[in-house]
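Q: Please find model-v9.cif (mmCIF, C-alpha atoms and all ligand atoms) on the next line:
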```
data_run
#
loop_
_atom_site.label_atom_id
_atom_site.label_comp_id
_atom_site.auth_asym_id
_atom_site.auth_seq_id
_atom_site.Cartn_x
_atom_site.Cartn_y
_atom_site.Cartn_z
CA MET A 1 50.63 121.95 88.55
CA THR A 2 49.76 118.70 90.22
CA GLY A 3 46.27 117.42 90.86
CA GLY A 4 46.77 117.64 94.59
CA GLU A 5 47.35 121.34 94.52
CA LYS A 6 44.30 121.81 92.37
CA MET A 7 42.20 119.83 94.83
CA LYS A 8 43.45 121.94 97.66
CA LYS A 9 42.42 125.10 95.89
CA ASN A 10 38.93 123.74 95.26
CA GLU A 11 38.53 122.66 98.84
CA MET A 12 39.40 126.08 100.20
CA GLU A 13 36.64 127.31 102.45
CA TYR A 14 35.92 130.83 103.51
CA MET A 15 33.90 131.48 106.64
CA MET A 16 31.84 134.37 107.82
CA GLY A 17 29.63 135.07 110.80
CA LEU A 18 26.28 136.79 110.44
CA LYS A 19 24.35 137.87 113.50
CA MET A 20 20.84 139.29 113.57
CA ARG A 21 18.01 140.02 115.92
CA ILE A 22 15.04 137.65 115.79
CA TYR A 23 11.49 138.15 117.00
CA PRO A 24 9.95 134.89 118.23
CA ASN A 25 6.31 134.71 119.23
CA ARG A 26 5.25 133.16 122.55
CA ARG A 27 5.13 129.64 121.22
CA GLN A 28 8.51 129.99 119.52
CA GLU A 29 10.05 131.33 122.71
CA GLU A 30 8.76 128.26 124.50
CA ILE A 31 10.48 126.01 121.96
CA PHE A 32 13.71 128.01 122.28
CA TRP A 33 13.72 127.58 126.05
CA LYS A 34 13.07 123.84 125.82
CA ASN A 35 16.10 123.51 123.59
CA ILE A 36 18.26 125.82 125.67
CA ASN A 37 17.47 123.81 128.78
CA ALA A 38 18.01 120.49 127.04
CA SER A 39 21.32 121.70 125.60
CA ARG A 40 22.53 122.76 129.04
CA PHE A 41 21.23 119.51 130.57
CA VAL A 42 23.13 117.34 128.09
CA TYR A 43 26.30 119.39 128.49
CA ASN A 44 26.13 119.26 132.28
CA LYS A 45 25.39 115.54 132.26
CA LEU A 46 28.49 114.97 130.18
CA VAL A 47 30.51 117.09 132.57
CA ALA A 48 29.14 115.16 135.55
CA ASN A 49 29.94 111.87 133.84
CA SER A 50 33.46 113.00 133.16
CA TRP A 51 33.90 113.47 136.87
CA THR A 52 32.59 110.06 137.72
CA ASP A 53 34.08 108.25 134.70
CA SER A 54 37.35 107.91 136.49
CA PRO A 55 37.38 104.50 138.10
CA ILE A 56 41.12 104.43 137.70
CA TYR A 57 41.67 107.80 139.26
CA SER A 58 40.10 107.35 142.62
CA ASN A 59 39.24 110.78 143.82
CA LYS A 60 36.55 112.01 146.14
CA LEU A 61 34.01 112.32 143.40
CA ASP A 62 34.57 108.74 142.30
CA LYS A 63 33.55 107.59 145.69
CA LEU A 64 30.55 109.88 145.85
CA PHE A 65 29.39 109.11 142.34
CA PRO A 66 30.88 105.78 141.36
CA ILE A 67 30.49 105.05 137.69
CA PRO A 68 28.31 101.99 137.13
CA GLU A 69 30.49 99.13 136.02
CA GLU A 70 28.36 98.51 132.96
CA TYR A 71 29.79 101.72 131.49
CA TRP A 72 33.42 100.86 132.04
CA LYS A 73 35.32 100.28 128.85
CA TYR A 74 38.18 97.89 128.25
CA ASN A 75 40.65 97.53 125.45
CA LYS A 76 41.40 94.29 123.62
CA ASN A 77 43.73 93.15 126.37
CA GLY A 78 41.10 93.63 129.00
CA LYS A 79 42.74 96.73 130.37
CA LEU A 80 40.45 99.43 131.65
CA LEU A 81 40.47 102.42 129.31
CA LYS A 82 41.53 105.74 130.69
CA ALA A 83 38.75 108.06 131.67
CA SER A 84 39.62 110.59 129.00
CA THR A 85 38.97 108.07 126.26
CA VAL A 86 35.63 107.12 127.78
CA ARG A 87 34.38 110.65 128.29
CA PRO A 88 33.61 111.81 124.78
CA THR A 89 31.35 108.88 124.01
CA GLY A 90 29.02 110.17 126.66
CA LEU A 91 26.06 111.28 124.60
CA ALA A 92 25.01 107.70 124.00
CA ARG A 93 24.47 107.35 127.72
CA ILE A 94 22.19 110.32 128.03
CA THR A 95 19.66 108.69 125.83
CA LYS A 96 16.09 109.38 125.31
CA ASP A 97 14.88 106.20 127.01
CA LYS A 98 16.47 107.47 130.20
CA TYR A 99 15.17 110.99 129.78
CA PRO A 100 12.00 110.68 127.73
CA TRP A 101 11.49 114.43 127.61
CA LEU A 102 14.53 114.63 125.34
CA SER A 103 12.35 113.06 122.65
CA ASP A 104 9.77 115.79 122.98
CA LYS A 105 8.57 116.92 119.55
CA ASP A 106 10.01 120.40 120.18
CA ILE A 107 13.51 119.11 120.82
CA ASP A 108 15.94 119.61 117.95
CA SER A 109 18.10 116.48 117.69
CA ASP A 110 20.95 118.43 116.05
CA MET A 111 21.04 120.58 119.15
CA LEU A 112 21.86 117.44 121.18
CA SER A 113 24.86 116.54 119.05
CA LYS A 114 26.00 120.16 119.04
CA ALA A 115 25.87 120.17 122.85
CA GLU A 116 28.08 117.10 122.84
CA MET A 117 30.43 118.79 120.38
CA SER A 118 30.76 121.84 122.64
CA TYR A 119 31.63 119.50 125.47
CA LYS A 120 34.27 117.80 123.36
CA SER A 121 35.78 121.06 122.22
CA ALA A 122 35.93 122.17 125.86
CA TRP A 123 38.07 119.10 126.48
CA ASN A 124 40.18 119.82 123.44
CA LEU A 125 40.71 123.33 124.67
CA PHE A 126 41.72 121.97 128.03
CA HIS A 127 44.24 119.62 126.44
CA LYS A 128 45.69 122.49 124.43
CA VAL A 129 45.59 125.23 127.06
CA HIS A 130 45.50 123.86 130.55
CA LYS A 131 44.73 127.26 131.95
CA SER A 132 41.23 127.01 130.50
CA GLY A 133 40.39 124.28 133.01
CA THR A 134 38.34 121.14 132.50
CA PRO A 135 34.76 121.55 131.23
CA ASN A 136 32.56 123.01 133.89
CA PHE A 137 28.83 123.09 134.52
CA LYS A 138 26.79 125.66 132.65
CA ARG A 139 24.59 127.52 135.08
CA LYS A 140 20.94 128.21 134.69
CA SER A 141 21.54 131.52 136.44
CA ASN A 142 23.89 132.72 133.69
CA PRO A 143 22.21 135.78 132.13
CA ASN A 144 23.26 134.65 128.64
CA GLN A 145 21.60 131.46 127.49
CA GLY A 146 21.55 129.74 124.16
CA TYR A 147 22.01 126.63 122.07
CA ARG A 148 23.56 125.64 118.80
CA THR A 149 22.21 123.55 115.99
CA SER A 150 23.33 122.62 112.50
CA ASN A 151 21.99 122.94 109.01
CA HIS A 152 21.45 120.09 106.54
CA TYR A 153 21.03 120.01 102.81
CA SER A 154 19.07 117.18 101.32
CA SER A 155 19.72 116.38 97.69
CA ASN A 156 15.98 116.46 97.00
CA THR A 157 15.39 120.00 98.17
CA ILE A 158 18.45 121.48 96.48
CA LYS A 159 17.76 119.67 93.22
CA LYS A 160 15.59 122.44 91.83
CA ASP A 161 18.42 124.94 92.45
CA GLY A 162 20.71 122.94 90.23
CA GLY A 163 21.92 120.83 93.14
CA VAL A 164 23.80 123.74 94.66
CA PRO A 165 23.36 124.35 98.40
CA SER A 166 22.59 127.98 99.21
CA LEU A 167 21.17 130.25 101.87
CA TYR A 168 17.71 129.35 100.65
CA ASN A 169 17.45 125.57 100.41
CA GLY A 170 18.71 123.96 103.63
CA SER A 171 16.88 122.74 106.72
CA ILE A 172 17.76 126.20 108.07
CA LYS A 173 17.16 128.85 105.43
CA PHE A 174 16.29 132.40 104.52
CA LEU A 175 12.74 132.73 103.26
CA ASP A 176 13.17 136.36 102.27
CA ASN A 177 14.95 139.42 103.69
CA LYS A 178 12.71 139.45 106.73
CA HIS A 179 12.17 135.80 107.60
CA ILE A 180 14.18 132.68 108.23
CA ARG A 181 13.19 129.11 108.93
CA LEU A 182 14.67 127.32 111.93
CA PRO A 183 14.29 123.65 112.90
CA LYS A 184 11.27 123.02 115.20
CA VAL A 185 10.57 126.75 115.39
CA GLY A 186 9.55 127.30 111.79
CA ARG A 187 9.18 130.70 110.16
CA ILE A 188 10.52 133.48 112.29
CA LYS A 189 10.91 137.21 111.79
CA VAL A 190 14.46 138.62 111.60
CA LYS A 191 16.06 142.02 111.28
CA LEU A 192 19.00 141.96 108.92
CA SER A 193 21.74 144.33 110.02
CA LYS A 194 23.65 144.04 106.75
CA ARG A 195 23.06 142.75 103.26
CA LEU A 196 23.20 139.03 102.73
CA PRO A 197 26.36 137.96 100.88
CA ASN A 198 25.38 137.59 97.26
CA ASN A 199 28.08 135.29 96.05
CA GLN A 200 26.77 132.07 94.59
CA LEU A 201 28.37 129.49 96.80
CA VAL A 202 27.38 130.57 100.29
CA ARG A 203 25.98 127.88 102.52
CA ILE A 204 24.79 127.81 106.10
CA ALA A 205 26.86 125.57 108.37
CA THR A 206 25.74 126.09 111.95
CA VAL A 207 23.43 128.41 113.79
CA SER A 208 23.35 129.51 117.39
CA ILE A 209 20.37 131.02 119.13
CA LYS A 210 21.00 133.37 122.02
CA HIS A 211 18.90 135.00 124.67
CA LEU A 212 20.32 138.10 126.31
CA PRO A 213 19.55 139.45 129.77
CA THR A 214 17.74 142.30 128.04
CA GLY A 215 15.18 139.77 126.82
CA GLU A 216 16.29 140.11 123.22
CA TRP A 217 16.81 137.08 121.01
CA PHE A 218 19.61 136.80 118.45
CA VAL A 219 20.62 134.25 115.89
CA SER A 220 24.20 133.86 114.62
CA PHE A 221 24.91 132.07 111.39
CA LEU A 222 28.22 130.52 110.49
CA LEU A 223 28.37 130.78 106.71
CA LYS A 224 30.81 128.95 104.50
CA SER A 225 31.75 129.56 100.90
CA ASP A 226 34.26 128.49 98.29
CA GLU A 227 34.52 132.12 97.25
CA PRO A 228 35.81 134.96 99.39
CA PHE A 229 33.23 137.04 101.24
CA LYS A 230 35.20 140.27 101.23
CA GLU A 231 34.18 142.90 98.79
CA GLN A 232 36.43 143.38 95.82
CA LEU A 233 38.29 146.67 95.92
CA PRO A 234 38.23 149.18 93.06
CA LYS A 235 41.11 148.99 90.60
CA THR A 236 44.18 151.07 91.44
CA ASN A 237 45.88 150.87 88.02
CA SER A 238 49.09 150.23 89.86
CA GLN A 239 51.31 147.21 89.54
CA VAL A 240 54.27 146.39 91.70
CA GLY A 241 57.16 144.00 91.83
CA TYR A 242 59.20 143.41 94.94
CA ASP A 243 62.59 141.96 95.65
CA LEU A 244 63.23 140.19 98.92
CA ASN A 245 66.75 140.67 100.16
CA THR A 246 68.83 140.46 103.24
CA GLU A 247 69.93 144.06 103.80
CA ASN A 248 66.30 145.07 104.18
CA PHE A 249 63.00 143.22 104.12
CA LEU A 250 62.03 144.19 100.59
CA THR A 251 62.53 146.76 97.88
CA ASP A 252 59.63 147.43 95.51
CA SER A 253 59.68 148.52 91.89
CA TYR A 254 58.84 152.11 92.89
CA GLY A 255 62.10 152.19 94.81
CA ASN A 256 60.53 151.98 98.26
CA THR A 257 62.54 150.06 100.78
CA ILE A 258 60.99 148.34 103.77
CA ASP A 259 63.51 147.77 106.51
CA ASN A 260 63.83 144.54 108.36
CA PRO A 261 61.75 144.70 111.50
CA ARG A 262 63.86 145.65 114.47
CA PHE A 263 61.83 143.93 117.18
CA TYR A 264 63.65 140.66 116.82
CA ARG A 265 67.08 142.19 117.20
CA SER A 266 66.08 144.18 120.26
CA ILE A 267 64.58 141.20 122.04
CA LYS A 268 67.09 138.61 120.85
CA GLY A 269 69.66 139.33 123.54
CA ARG A 270 67.12 139.10 126.30
CA LEU A 271 65.65 135.92 124.88
CA ALA A 272 69.06 134.26 124.75
CA LYS A 273 69.75 135.30 128.34
CA GLU A 274 66.46 133.93 129.65
CA GLN A 275 66.91 130.77 127.61
CA ARG A 276 70.27 130.16 129.27
CA LYS A 277 68.68 130.70 132.66
CA LEU A 278 66.06 128.11 131.74
CA SER A 279 68.63 125.47 130.82
CA ARG A 280 70.51 126.22 134.01
CA ARG A 281 67.40 125.59 136.06
CA ALA A 282 66.69 122.39 134.15
CA ARG A 283 70.21 121.15 134.86
CA ARG A 284 69.95 122.03 138.52
CA ALA A 285 66.62 120.26 138.94
CA LYS A 286 68.07 117.22 137.23
CA SER A 287 71.17 117.13 139.39
CA GLU A 288 69.02 117.42 142.50
CA GLY A 289 66.80 114.62 141.23
CA ARG A 290 63.67 116.74 140.92
CA LYS A 291 61.12 116.31 138.14
CA LEU A 292 60.88 119.35 135.88
CA TRP A 293 57.12 119.67 136.22
CA LYS A 294 57.57 119.76 139.96
CA SER A 295 60.28 122.40 139.89
CA LYS A 296 58.58 125.74 140.47
CA ASN A 297 61.58 127.83 139.43
CA TYR A 298 61.95 125.95 136.19
CA GLN A 299 58.25 126.26 135.35
CA LYS A 300 58.25 129.96 136.10
CA GLN A 301 61.20 130.50 133.78
CA ARG A 302 59.65 128.30 131.09
CA LYS A 303 56.57 130.51 131.09
CA LEU A 304 58.69 133.65 130.82
CA VAL A 305 60.61 132.29 127.82
CA ALA A 306 57.36 131.19 126.18
CA LYS A 307 55.99 134.69 126.68
CA LEU A 308 59.02 136.29 125.05
CA HIS A 309 58.74 133.93 122.10
CA ALA A 310 55.07 134.76 121.75
CA LYS A 311 55.89 138.44 121.83
CA VAL A 312 58.36 138.15 118.99
CA ARG A 313 55.94 135.99 117.05
CA ASN A 314 53.08 138.44 117.42
CA GLN A 315 55.15 141.46 116.51
CA ARG A 316 56.49 139.71 113.45
CA LYS A 317 53.00 138.64 112.44
CA ASP A 318 51.66 142.19 112.81
CA PHE A 319 54.48 143.50 110.67
CA LEU A 320 53.87 140.89 107.95
CA HIS A 321 50.11 141.44 108.01
CA ASN A 322 50.41 145.20 107.68
CA LEU A 323 52.89 145.00 104.86
CA SER A 324 51.06 142.32 102.86
CA THR A 325 47.69 144.06 103.23
CA THR A 326 49.18 147.39 102.13
CA LEU A 327 50.74 145.82 99.04
CA ILE A 328 47.56 144.00 98.07
CA LYS A 329 45.24 146.95 98.69
CA ASN A 330 47.36 149.46 96.78
CA HIS A 331 48.12 147.41 93.68
CA ASP A 332 46.07 145.42 91.18
CA LEU A 333 49.04 143.17 90.55
CA VAL A 334 51.80 142.13 92.92
CA VAL A 335 54.74 140.16 91.55
CA GLY A 336 57.35 138.41 93.65
CA GLU A 337 60.05 135.85 93.15
CA ASN A 338 59.60 132.19 93.65
CA LEU A 339 61.71 131.61 96.77
CA LYS A 340 62.23 127.97 95.98
CA SER A 341 64.28 128.87 92.95
CA LYS A 342 66.04 131.75 94.59
CA ASN A 343 69.68 130.80 94.75
CA MET A 344 70.40 132.45 98.07
CA LEU A 345 68.56 129.70 99.92
CA LYS A 346 71.57 127.50 99.30
CA ASN A 347 73.60 129.79 101.49
CA HIS A 348 73.05 128.67 105.04
CA ALA A 349 73.46 132.04 106.72
CA LEU A 350 71.01 133.63 104.30
CA ALA A 351 68.55 130.81 104.74
CA MET A 352 68.67 131.40 108.47
CA SER A 353 67.85 135.05 108.12
CA ILE A 354 65.04 134.24 105.70
CA SER A 355 63.31 132.14 108.30
CA ASP A 356 63.97 134.91 110.81
CA VAL A 357 62.18 137.61 108.91
CA GLY A 358 59.32 135.41 107.82
CA TRP A 359 59.42 135.66 104.02
CA ARG A 360 57.48 132.46 103.61
CA THR A 361 54.72 133.61 105.93
CA PHE A 362 54.67 136.88 104.03
CA ILE A 363 54.24 135.16 100.68
CA GLY A 364 51.50 132.94 102.12
CA MET A 365 49.67 136.08 103.24
CA LEU A 366 49.93 137.67 99.79
CA GLU A 367 48.60 134.44 98.31
CA TYR A 368 45.43 134.35 100.36
CA LYS A 369 44.83 138.09 100.54
CA ALA A 370 44.99 138.69 96.79
CA PRO A 371 41.78 136.79 95.95
CA MET A 372 40.08 138.25 99.03
CA TYR A 373 40.42 141.73 97.56
CA GLY A 374 40.17 140.84 93.88
CA ARG A 375 43.88 141.32 93.25
CA ILE A 376 46.44 139.21 91.44
CA PHE A 377 49.56 137.90 93.08
CA ILE A 378 52.04 135.86 91.08
CA GLU A 379 55.51 134.51 91.60
CA ILE A 380 58.05 134.38 88.84
CA ASP A 381 61.33 132.56 88.34
CA PRO A 382 64.02 134.87 89.77
CA ALA A 383 66.64 133.91 87.18
CA TYR A 384 68.62 136.96 85.99
CA THR A 385 66.40 139.45 87.83
CA THR A 386 69.48 140.75 89.66
CA GLN A 387 72.01 140.55 86.83
CA GLN A 388 69.94 142.16 84.13
CA CYS A 389 69.64 145.90 83.44
CA SER A 390 65.98 146.82 83.60
CA GLU A 391 66.50 149.57 81.00
CA CYS A 392 68.36 147.88 78.15
CA LYS A 393 68.17 144.21 79.22
CA PHE A 394 71.95 143.86 79.16
CA ARG A 395 72.98 140.94 81.34
CA MET A 396 75.98 141.24 83.65
CA GLY A 397 78.41 138.36 83.31
CA THR A 398 78.11 138.41 79.53
CA ASN A 399 80.41 140.15 77.04
CA ASN A 400 83.38 139.93 79.41
CA THR A 401 81.60 141.82 82.19
CA ARG A 402 81.70 140.55 85.76
CA LYS A 403 78.68 139.23 87.60
CA LEU A 404 77.26 141.34 90.39
CA THR A 405 77.77 140.02 93.90
CA LEU A 406 75.91 140.66 97.12
CA LYS A 407 78.45 143.39 97.83
CA ASP A 408 77.42 145.44 94.81
CA ARG A 409 74.53 147.39 96.22
CA GLU A 410 74.73 149.90 93.38
CA TRP A 411 76.09 149.50 89.87
CA THR A 412 76.18 151.15 86.46
CA CYS A 413 75.10 149.29 83.35
CA PRO A 414 78.16 149.05 81.06
CA ASN A 415 75.85 148.98 78.04
CA CYS A 416 73.45 151.92 78.57
CA ASP A 417 75.20 153.70 81.45
CA THR A 418 72.13 153.65 83.69
CA HIS A 419 73.00 153.80 87.37
CA HIS A 420 71.12 151.15 89.37
CA ILE A 421 70.34 150.43 92.98
CA ARG A 422 70.66 146.67 92.82
CA ASP A 423 67.43 145.62 94.60
CA TRP A 424 65.32 148.32 92.97
CA ASN A 425 66.55 147.20 89.56
CA ALA A 426 65.75 143.60 90.50
CA SER A 427 62.20 144.45 91.55
CA LYS A 428 61.64 146.29 88.25
CA ASN A 429 62.75 143.14 86.42
CA ILE A 430 60.48 141.05 88.60
CA LEU A 431 57.47 143.20 87.71
CA ALA A 432 58.39 143.08 84.02
CA LYS A 433 58.64 139.29 84.14
CA GLY A 434 55.26 139.12 85.85
CA LEU A 435 53.66 141.26 83.16
CA ILE A 436 55.10 139.03 80.45
CA GLU A 437 53.73 135.97 82.22
CA LEU A 438 50.30 137.55 82.48
CA SER A 439 50.23 138.50 78.81
CA LYS A 440 50.80 134.90 77.79
CA PRO A 441 47.68 132.82 77.17
CA LEU A 442 46.66 131.19 80.44
CA THR A 443 47.53 127.56 80.86
CA GLU A 444 47.61 125.32 83.88
CA ASP A 445 51.29 126.19 84.17
CA SER A 446 50.68 129.93 84.36
CA PRO A 447 52.08 131.35 87.59
CA ILE A 448 48.67 132.76 88.44
CA TYR A 449 47.55 129.21 89.18
CA LYS A 450 50.56 128.28 91.26
ZN ZN A 501 71.45 148.96 80.56
#
```
Could you render the structure from this file as structure tokens?

A:
Amino acid sequence: MTGGEKMKKNEMEYMMGLKMRIYPNRRQEEIFWKNINASRFVYNKLVANSWTDSPIYSNKLDKLFPIPEEYWKYNKNGKLLKASTVRPTGLARITKDKYPWLSDKDIDSDMLSKAEMSYKSAWNLFHKVHKSGTPNFKRKSNPNQGYRTSNHYSSNTIKKDGGVPSLYNGSIKFLDNKHIRLPKVGRIKVKLSKRLPNNQLVRIATVSIKHLPTGEWFVSFLLKSDEPFKEQLPKTNSQVGYDLNTENFLTDSYGNTIDNPRFYRSIKGRLAKEQRKLSRRARRAKSEGRKLWKSKNYQKQRKLVAKLHAKVRNQRKDFLHNLSTTLIKNHDLVVGENLKSKNMLKNHALAMSISDVGWRTFIGMLEYKAPMYGRIFIEIDPAYTTQQCSECKFRMGTNNTRKLTLKDREWTCPNCDTHHIRDWNASKNILAKGLIELSKPLTEDSPIYK
């Protein structure tokens, strides 16, 4: 194992949301509203600036609200920067000297930067999904109001807890099961709807405060941890090996066969047809000298093809999720083959179908789900798992016997006469190999760490 992989494992973060009702007193409500209003003000200011920060795109708004030249930004060559690169730096311009009430003692400064972050992520969302539209004004009349703020750990305050950040030693913290402490607001009563996670490494990242039209107040925590939040499942005393193959999706060591999902096959023909239609429209637009983004027919078809792709993707994902969760939940140990070493990848046609059915995604799911549920997933070297008899360990291809090929779906061991279904036999060998690996003393090279 390399250091890099180790680092990655250590840096893995699990996240969990935790929402609860809070009961502010009059004074605390007043502080909440000041921050809600300031958060909306900053956000809306940034939105307004983004509309006027477009000296190079002269639209109506530019003329109505021209951006003062002092805020224009230039690059090294003296060229005016595009509006989109100017926009995100906006918070600096909504400073406290301009709006002195933003430095009120009740105003939470982390709330200000969070408001700017929401604005930025609204832009990011826009760049990713144009449908979402550019950031828009938040209305005071919206029945749901709120603001976000972030938690900090100072090395001084966490020192007495061994330097480990927890739910109980940040700038936002739990005082006991009935009270939390929030910036500017102080101690506030809460009603926990579920037990606090009791794993050691939970920390508070951000917090959002919400006011509902019913008049109720809620706080939502975003918690982070290096350990999984999910509860560990009870032991099943069952262990399983599985063999990935091309005739079906997998065969497990109990002899169960999971067929390849059919959705892809059924939609493939249609996808190919629509894809051809798309290229035809692209060619036509080109020959008529039209730009693709201007060609309505092309764009309509592009959307349709994208939708079909998404459909296949989602169905495949559902299938892989269901299967991986079932395996992990029903077995204490799941053993698979290391695909990298699996010979069949060298065969192009097989490699194609592997990417089709999503084996890699499947293995990734097993990898992250196992620790979530307190299970073990390991991969073993697939050498001889197909050629060896799981009963007597006789290896085909030795003692003048012939090697099994992909065509041999069933075979009889020449040594012990056991009749085998090829993939079932392989998955039994895979499980056996996994058990041997697990019984070895653990080293950094143990498959459990890979
Ligand atoms: Zn045998």

Q: Let me have all residues with an atom within 8 Å of ligand ZN 501 (chain A), counting only C-alpha atoms and all ligand atoms, laid out as a ChimeraX atom specification.

A: /A:388-394,412-418

Q: Rank nothing, just name the residue among A:Lys114, A:Arg181, A:Arg360, A:Arg395 nearest to Ser324 in chain A, using only C-alpha atoms.

A: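 Nearest candidate to Ser324 in chain A out of A:Lys114, A:Arg181, A:Arg360, A:Arg395: A:Arg360.
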
Q: Of the candidates A:Val305, A:Ile209, A:Ile421, A:Leu196, which one gets nearest to Glu29 in chain A if we count all atoms listed in the file?

A: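 Once distances to Glu29 in chain A are computed over all atoms listed in the file, the minimum belongs to A:Ile209.
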
Q: Within 10 Å of Phe174 in chain A, counting all atoms listed in the file, which residues qualify if same-chain residues fewer than 5 places away don't, as an NGL selection string?

A: :A and (166-169 or 179-182 or 187-188 or 190 or 196 or 204)

Q: Counting all atoms listed in the file, figure out which residue out of A:Val240, A:Val335, A:Leu175, A:Leu192 gets nearest to Glu367 in chain A.

A: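 Ranking A:Val240, A:Val335, A:Leu175, A:Leu192 by distance to Glu367 in chain A, first place goes to A:Val335.
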
Q: Thr149 in chain A: which residues within 6 Å, counting all atoms listed in the file, same-chain residues fewer than 5 positions away excluded, as a list in words?

A: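 Residues near the query, excluding close chain neighbours: Asp110, Met111, Lys114, Thr206 and Val207 of chain A.
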
Q: With all atoms listed in the file as the counted atoms, please give the residues lying no more than 9 Å from range 252-255 of chain A, apart from itself and same-chain residues fewer than 4 positions off, as a list in words.

A: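 Residues meeting the cut-off are Gln239, Val240, Gly241, Tyr242, Asp243, Leu244, Ile421, Asp423, Trp424, Asn425, Ala426, Ser427, Lys428, Asn429, Ile430 and Leu431 of chain A.
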
Q: List the spatial neighbours of range 17-22 of chain A as a PyMOL selection string - criterion: any atom at most 6 Å away, all atoms listed in the file, same-chain residues fewer than 3 positions off excluded.

A: chain A and resi 189-192+217-222

Q: In Å, how far is it from CA of Ser171 in chain A to CA of Lys138 in chain A?

A: 27.9 Å

Q: From the options A:Asp332, A:Phe249, A:Thr401, A:Arg290, which residue's atoms come nearest to Ile376 in chain A, counting all atoms listed in the file?

A: A:Asp332
